[in-house]
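Asks: Provided herewith is a single structure, encoded as structure tokens, for subsequent inquiry.
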Protein chains: 2
Amino acid sequence: MEENMTSSSRNEPVVGIDLGGTSVAVGLVTPAGGLLECGEFPTEAGRGPEHVVQNIGRRVRSIAKSSDVPISLAGIGAPGPLDTATGMIVEMPNLGWRNLPLREMLHRELGFPVFLENDANAAAYGEFWVGAGAGSRCLVGLTLGTGVGGGIVIGGEVFRGVSDAAAEFGHMIVEIGGRRCGCGKSGCLEQYASAAAVARRAAELVAAGGSSLLADLTGGDVSLVTSEMVCRAAGEGDCLAGRVIAEAVSTLAVAVSNIVNALNPDTVVIGGGLAGAGDLLFGPLRAQVADLTFEVQCRAMHIVPTALGRCAGVIGSAGLALVRSGAGIGVTREG
Amino acid sequence: MEENMTSSSRNEPVVGIDLGGTSVAVGLVTPAGGLLECGEFPTEAGRGPEHVVQNIGRRVRSIAKSSDVPISLAGIGAPGPLDTATGMIVEMPNLGWRNLPLREMLHRELGFPVFLENDANAAAYGEFWVGAGAGSRCLVGLTLGTGVGGGIVIGGEVFRGVSDAAAEFGHMIVEIGGRRCGCGKSGCLEQYASAAAVARRAAELVAAGGSSLLADLTGGDVSLVTSEMVCRAAGEGDCLAGRVIAEAVSTLAVAVSNIVNALNPDTVVIGGGLAGAGDLLFGPLRAQVADLTFEVQCRAMHIVPTALGRCAGVIGSAGLALVRSGAGIGVTREG
């Protein structure tokens, strides 16, 4: 049961916030899931949580002023672990924050209720609500970015597990004794199939003398290799970049098949920087997942790219705030 | 929404059936989850589905006669893939059956409604209802037998996915390019952590000349090695047997940690023949899963042995039949 602490009117837009380690996205979302406005600014986490919260407040007030509509509700997605019921950040390793009452701080800053959600859950919910998985009965979202974020939406509700720590697919072990992960384990998916892992792997191969467009693109400084460059080079036929993408996809296919075996979803939405590889990713991924799952699972499922991209978290956070506040979303959930 | 096709009275016991490749268990279960009676007989699958259904009918009538109570509802758990809504067996590889209207056949044989469920789902539901995970908010059941069966119970309901094919944890890939599996893939969990895999692995090591009590126990015929023997020998300090159990447990720990990362459950129930290894399994399993999961996940969770053992499927099938028929279970679900 969710708290019912606001009375956002049925037609009032809602603020959605996606708090990342590098940047914060803030947008205004209608109760039907339309994005009225969305912008980003640097997180500047090093200047402390109060600074970040004040910057969010400034941005929200500026949006409110320019859009000239009343706003009385916000949702924020943030990296976990966190506690959705109390609105506390348990730990945010990338930002160095611990035991932070983020919901309460933002509530004080904004003057209206805020709901806190895991960022990958929020993104998955956005895709379920008005994105690539609209109407799904069981949706899994994977965001292949700095790490690999995961979210599950079952029967229209975010599935959070018993302590808000479900869908941590980035730390699925895909190779026992494999690459070291920041979490302390070895062989976690995000060391193979995140955008960051792909950039790192390509940089390693170029540094080892591999011939590649990436050497020219970075003027020989492999620390400048990004996943976008790898995707672009692979698209232009660069063998080394293509091999790196193919390796990432084959590991991702194992992880997706394990997820499909566990959850038998109808939709798997892939977003994040690595989704930019397009058909180079989705073609082989679909074929390999088909080989690695049972026919009855595979027939029931689509693997699709994100429809909302960078805005999935903003839209999803806003939608979840509507649901959790009791205001409801869209036309199907009035109540 | 489940069908409402019977009117089993509130206090009438229900037949629970667990259809396995080797044996069929049939029992009588009260609406509070008490087991009034339970017995097993050989499946004799080779004599065809009609023969098996008739044998089940004979056993049910015999139970009804000896217990002298009216019976008007049954639940049956069977290996998948199957369709719970239509009651059709899609395929039962161990028995060689395909596209079999099992629910309809049993209904005709028994003269009252029958509900079909995946056997591992039924076992997990039994543990949730009156077993090792009673009252769990999110329960995962693993049965380490001939294969590895899996079941998920979320919020008191079996989670089946969109085509009755969720919780196929036996086919989670734990080693890319690893041991060949009967499903056609490589590296599936059940090739490492099933009772059958443990027996096979011990037999291999003994055949290769490993010194072990198992050589004496089987008179040198390694094809006679069973998982029970391996568990017993390991318990008596046999090094080879202990090593085989330890290998199985370390792979199982990876799989369980992946499940915990995905679902963040409060209870993981382990049953099947390999659960007979007792502390040799549960001690290292708990320690290794703690190392491989986040604190917030681990603190929320217990890994426990089955409380219902071989009867979990019988009790769970009966309970699910009660729920699906609309009669409800126990005292908490009257309606």
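Every chain in the structure tokens has a letter given in the order shown (A, B, ...), and although residue numbers restart at 1 in each chain, ligands are simply numbered from 1 in the order shown.
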Near Leu100 of chain B, counting only C-alpha atoms, which residues have an atom at most 9 Å away, once you skip same-chain residues fewer than 4 positions from it, shown as JSON, numbers by chain?
Replies: {"B": [49, 87, 88, 89, 90, 91, 105]}
Asks: Next, dump the selected residues to file, keeping only C-alpha atoms, as a CSV table (one decimal), in the first residue's frame.
Replies:
chain,number,residue,atom,x,y,z
B,49,PRO,CA,-1.4,-41.3,-20.6
B,87,GLY,CA,-5.1,-27.5,-18.6
B,88,MET,CA,-3.1,-28.8,-21.6
B,89,ILE,CA,0.3,-30.4,-21.3
B,90,VAL,CA,2.4,-28.8,-24.1
B,91,GLU,CA,5.2,-31.2,-23.8
B,105,MET,CA,-8.9,-36.3,-19.1
Asks: Report the closest atom pair, with its distance in Å rounded to one decimal, for each residue of chain B that has an atom no farther than 6 Å from chain A; count only C-alpha atoms, sort by chain and then rising residue number, and write it as CSV.
Replies:
residue,atom,partner,partner_atom,distance
B:Gly161,CA,A:Asn264,CA,4.6
B:Val162,CA,A:Asn264,CA,5.9
B:Ala165,CA,A:Asn264,CA,5.6
B:Ala166,CA,A:Leu263,CA,4.6
B:Ala167,CA,A:Ala262,CA,4.3
B:Glu168,CA,A:Asn261,CA,5.0
B:Met172,CA,A:Asn258,CA,5.1
B:Asn258,CA,A:Met172,CA,5.1
B:Asn261,CA,A:Glu168,CA,5.0
B:Ala262,CA,A:Ala167,CA,4.3
B:Leu263,CA,A:Ala166,CA,4.6
B:Asn264,CA,A:Gly161,CA,4.6
B:Pro265,CA,A:Gly161,CA,5.9
Asks: Can you pull out every residue from segment 75-221 of chain A that DSSP, working from the backbone, puts in strand (DSSP E or B), and format the result as number ranges by chain?
Replies: A: 75-78, 82-83, 88-92, 97-100, 114-118, 138-144, 148-154, 157-158, 173, 180, 186, 188
Asks: Near Asp221 of chain A, within 12 Å and counting only C-alpha atoms, which residues show up once chain neighbours fewer than 6 positions away are dropped, as JSON, numbers by chain?
Replies: {"A": [203, 204, 206, 207, 214, 215]}
Asks: DSSP says helix (DSSP H, G or I) for which residues of segment 61-151 of chain A? Put them as a ChimeraX atom specification?
Replies: /A:61-67,102-110,119-130
Asks: Of the candidates A:Val314, A:Ile56, A:Leu73, A:Val26, which shows the shortest atom-to-atom distance to Pro13 of chain A, using only C-alpha atoms?
Replies: A:Leu73
Asks: Could you check how far atom CA of Gly273 of chain A sits from atom CA of His51 of chain A, in Å to one decimal?
Replies: 27.5 Å
Asks: So which residues touch Ser317 of chain A within 10 Å, counting only C-alpha atoms, skipping near sequence neighbours fewer than 4 positions away, as a PyMOL selection string?
Replies: chain A and resi 14-18+27+29+74-78+114-126+311-313+321-323
Asks: For a test of reading the model, state the distance in Å between atom CA of Phe41 of chain A and atom CA of Met229 of chain A, rounded to one decimal.
Replies: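 Separation between atom CA of Phe41 of chain A and atom CA of Met229 of chain A: 23.0 Å.
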Asks: Calculate how many Å separate atom CA of Leu142 of chain B from atom CA of Val268 of chain B, rounding to one decimal.
Replies: 7.5 Å
Asks: With only C-alpha atoms as the counted atoms, please give the residues lying no more than 10 Å from Glu50 of chain B, apart from itself and same-chain residues fewer than 5 positions off, as a PyMOL selection string.
Replies: chain B and resi 45+55-56+102+105-106+109
Asks: Could the residues in this selection be written to a file with N, CA and C atoms, as an mmCIF file, in the first residue's frame?
Replies:
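Full text of result_29.cif as output:
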data_model
loop_
_atom_site.group_PDB
_atom_site.id
_atom_site.type_symbol
_atom_site.label_atom_id
_atom_site.label_comp_id
_atom_site.auth_asym_id
_atom_site.auth_seq_id
_atom_site.Cartn_x
_atom_site.Cartn_y
_atom_site.Cartn_z
ATOM 1 N N ALA B 45 4.833 -44.488 -17.261
ATOM 2 C CA ALA B 45 4.514 -43.577 -18.364
ATOM 3 C C ALA B 45 4.510 -44.295 -19.706
ATOM 4 N N ASN B 55 -4.973 -44.987 -13.463
ATOM 5 C CA ASN B 55 -4.344 -45.337 -12.181
ATOM 6 C C ASN B 55 -4.572 -44.253 -11.130
ATOM 7 N N ILE B 56 -4.490 -42.990 -11.580
ATOM 8 C CA ILE B 56 -4.749 -41.886 -10.645
ATOM 9 C C ILE B 56 -6.197 -41.967 -10.164
ATOM 10 N N LEU B 102 -4.613 -32.916 -20.278
ATOM 11 C CA LEU B 102 -4.548 -33.688 -19.038
ATOM 12 C C LEU B 102 -5.674 -33.312 -18.074
ATOM 13 N N MET B 105 -8.913 -34.851 -19.291
ATOM 14 C CA MET B 105 -8.894 -36.311 -19.128
ATOM 15 C C MET B 105 -9.131 -36.698 -17.673
ATOM 16 N N LEU B 106 -8.478 -35.983 -16.764
ATOM 17 C CA LEU B 106 -8.633 -36.291 -15.339
ATOM 18 C C LEU B 106 -10.035 -35.920 -14.854
ATOM 19 N N GLU B 109 -12.220 -38.657 -15.790
ATOM 20 C CA GLU B 109 -11.935 -39.845 -14.988
ATOM 21 C C GLU B 109 -12.497 -39.709 -13.566
#
